[in-house]
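Participant: Take a look at this one; I'll ask things after.
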Amino acid sequence: MSIAESVERARPAFGRDVSAGLDALEPLIGRIGVTAGVVAPEGGRVVTSALRTYRFEAPAGAELEAPPEADATVVRATVPAAALGALDAALRESVRYAHARELYGGTVLDIPHARNLLAAALADALTADALSSAAVCLADAHAPAASVSAALSAHLSCLLLAEAAQQVSVLAGSTFYARIAPFELIEQHVRDLSALAVLVPELADPLPAALDGLGAWCSDTDAAAPGSLLRPDVMAAIAEDAPGAIEVHVALAAAAAETAAEAGDPEAVDAHAALELAHRVSLLTAAAAVVAGWMQARGTEAIAGDPLAMEACLRRIRGRVVRRQPPLPADLVARLVAHAEARAASGDEMAIGPARATVPPM
């Protein structure tokens, strides 16, 4: 079974509970351990976080070592991709609640602020899915760039998942805090996704693992890398089928070119600036993955092929690059809310899904 297929099978378990999802991934990534230097207490049971009951077994008093780099790459690629199942579940339940809850003569989803929150959360979910799917594909193909891609994906995908979960929790109002059935699942997933890096140590600080390969990654024109934003065929496709996205795509392509020049001279930046640079590369990698997913799916009814959904993702990424997040245009909000309502009604996944790979294996 491929890594992508394992991730796809684990997503429903993450939709129920993050610890159950990690159990479902155990045949692929092993039992999640803790970082080096931690000593197992008497009795041999170490709790990796305060989240319910997720544990692993270790001999009492044993010093637990971090997994080798190859294993860390697989963990960083797979866990965020599979954890999208938790966000999917939170999105579905939040939409169902907001659609049914009457307020101010309408429903929660009639309120412009609520619609904007939902649209932004879905755009971030689609971005995380595209980014983590690309990392899964490279890990599946044992590509040389897999470790860099997985580290960047683990960093940004975890941030996107946590922020999107927080956004959709607002739609549930006081029900979120009261944990009223069946919507208590929302609170559970908000908490779990916010603490995912606590539960899985390989996700806690992945950016340093990407630094050595950052220059080569930025200059790569593979569909999963930032340089692909500069490809003429990508620019032509957007101009033809997604004219609303031209401006934001041009801005991101310019940022990719500038960032590649900076990454090509790693000695010119200090340690803090290097991590800031790696964060920006993760954002541009996400943009490349979103566009690659759209290129592959355009002309179909899949949400990945929707030019307005792609534009919304790119606008949210651009907002993070410039550290100023304006609201999405009304037409993009309307399209994303419609997508979210349709998927909540049908029970389909909100996200693209790694088994329908964003980037074809190399």
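Just so we're on the same page: first chain in the structure tokens is A, next is B, and so on; residues restart at 1 for each chain, and ligands are numbered from 1 in the order they show up.
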Just want the 8 Å neighbourhood of A:Ile246, counted on only C-alpha atoms, with same-chain residues fewer than 5 positions away dropped. Output as a PyMOL selection string.
Facilitator: chain A and resi 235+238-239
Participant: Please list as a list in words every residue within 10 Å of A:Gln166, counting only C-alpha atoms and excluding residues in the same chain fewer than 5 positions away.
Facilitator: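 After dropping sequence-adjacent residues, the list is Ala90, Leu117, Ala121, Leu160, Leu161, Leu171, Ile186, Glu187, His189, Val190, Arg191, Leu193 and Ser194 of chain A.
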Participant: Taking the chain letters and numbering used in this document, name the residues of stretch 107-310 of chain A that DSSP puts in helix (DSSP H, G or I), as a PyMOL selection string.
Facilitator: chain A and resi 108-110+112-140+146-171+174-178+184-194+196-199+201-203+207-210+214-219+226-230+232-241+243-263+266-268+271-297+303-305+307-310
Participant: Figure out the distance between atom CA of A:Gly319 and atom CA of A:Thr78, please, to one decimal in Å.
Facilitator: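 Atom-to-atom, atom CA of A:Thr78 and atom CA of A:Gly319 are spaced 26.5 Å apart.
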Participant: Which polymer residues have any atom within 9 Å of an atom of A:Val75, counting only C-alpha atoms, with same-chain residues fewer than 5 positions away left out, as a PyMOL selection string?
Facilitator: chain A and resi 28-29+32+70+80+150+154+200+202-203
Participant: Let's have the selection written as a short mmCIF file (atom, residue, chain, number, x, y, z; two decimals), in the first residue's frame, with C-alpha atoms.
Facilitator:
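The new file result.cif reads:
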```cif
data_model
loop_
_atom_site.label_atom_id
_atom_site.label_comp_id
_atom_site.auth_asym_id
_atom_site.auth_seq_id
_atom_site.Cartn_x
_atom_site.Cartn_y
_atom_site.Cartn_z
CA LEU A 28 3.17 3.09 8.35
CA ILE A 29 4.97 5.37 10.81
CA ILE A 32 4.79 7.86 17.95
CA ALA A 70 14.01 9.01 6.97
CA PRO A 80 -0.69 16.59 8.60
CA ALA A 150 7.85 17.25 4.19
CA ALA A 154 4.64 19.89 8.47
CA VAL A 200 3.89 14.32 17.50
CA GLU A 202 8.57 15.43 14.63
CA LEU A 203 6.06 18.21 13.89
#
```
Participant: With a distance cut-off of 8 Å and only C-alpha atoms, select the neighbouring residues of stretch 221-231 of chain A, excluding the residue or stretch itself and same-chain residues fewer than 3 positions from it, and output the selection as a list in words.
Facilitator: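 Everything that qualifies: Ala134, Trp217, Cys218, Val234, Met235, His249, Leu252, Ala253, Ala256, Ala257, Ala260, Val281, Leu284, Thr285, Ala287, Ala288, Ala289, Val291, Ala292 and Val359 of chain A.
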Participant: Please determine, counting only C-alpha atoms, which residue among A:Asp110, A:Asp71, A:Glu262, A:Glu341 has the shortest atom-to-atom distance to A:Ala139.
Facilitator: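 Counting only C-alpha atoms, the residue closest to A:Ala139 is A:Asp71.
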Participant: With only C-alpha atoms as the atoms that count, which of A:His279, A:His155, A:Arg318, A:Arg16 lies nearest to A:Ala197?
Facilitator: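 Ranking A:His279, A:His155, A:Arg318, A:Arg16 by distance to A:Ala197, first place goes to A:His155.
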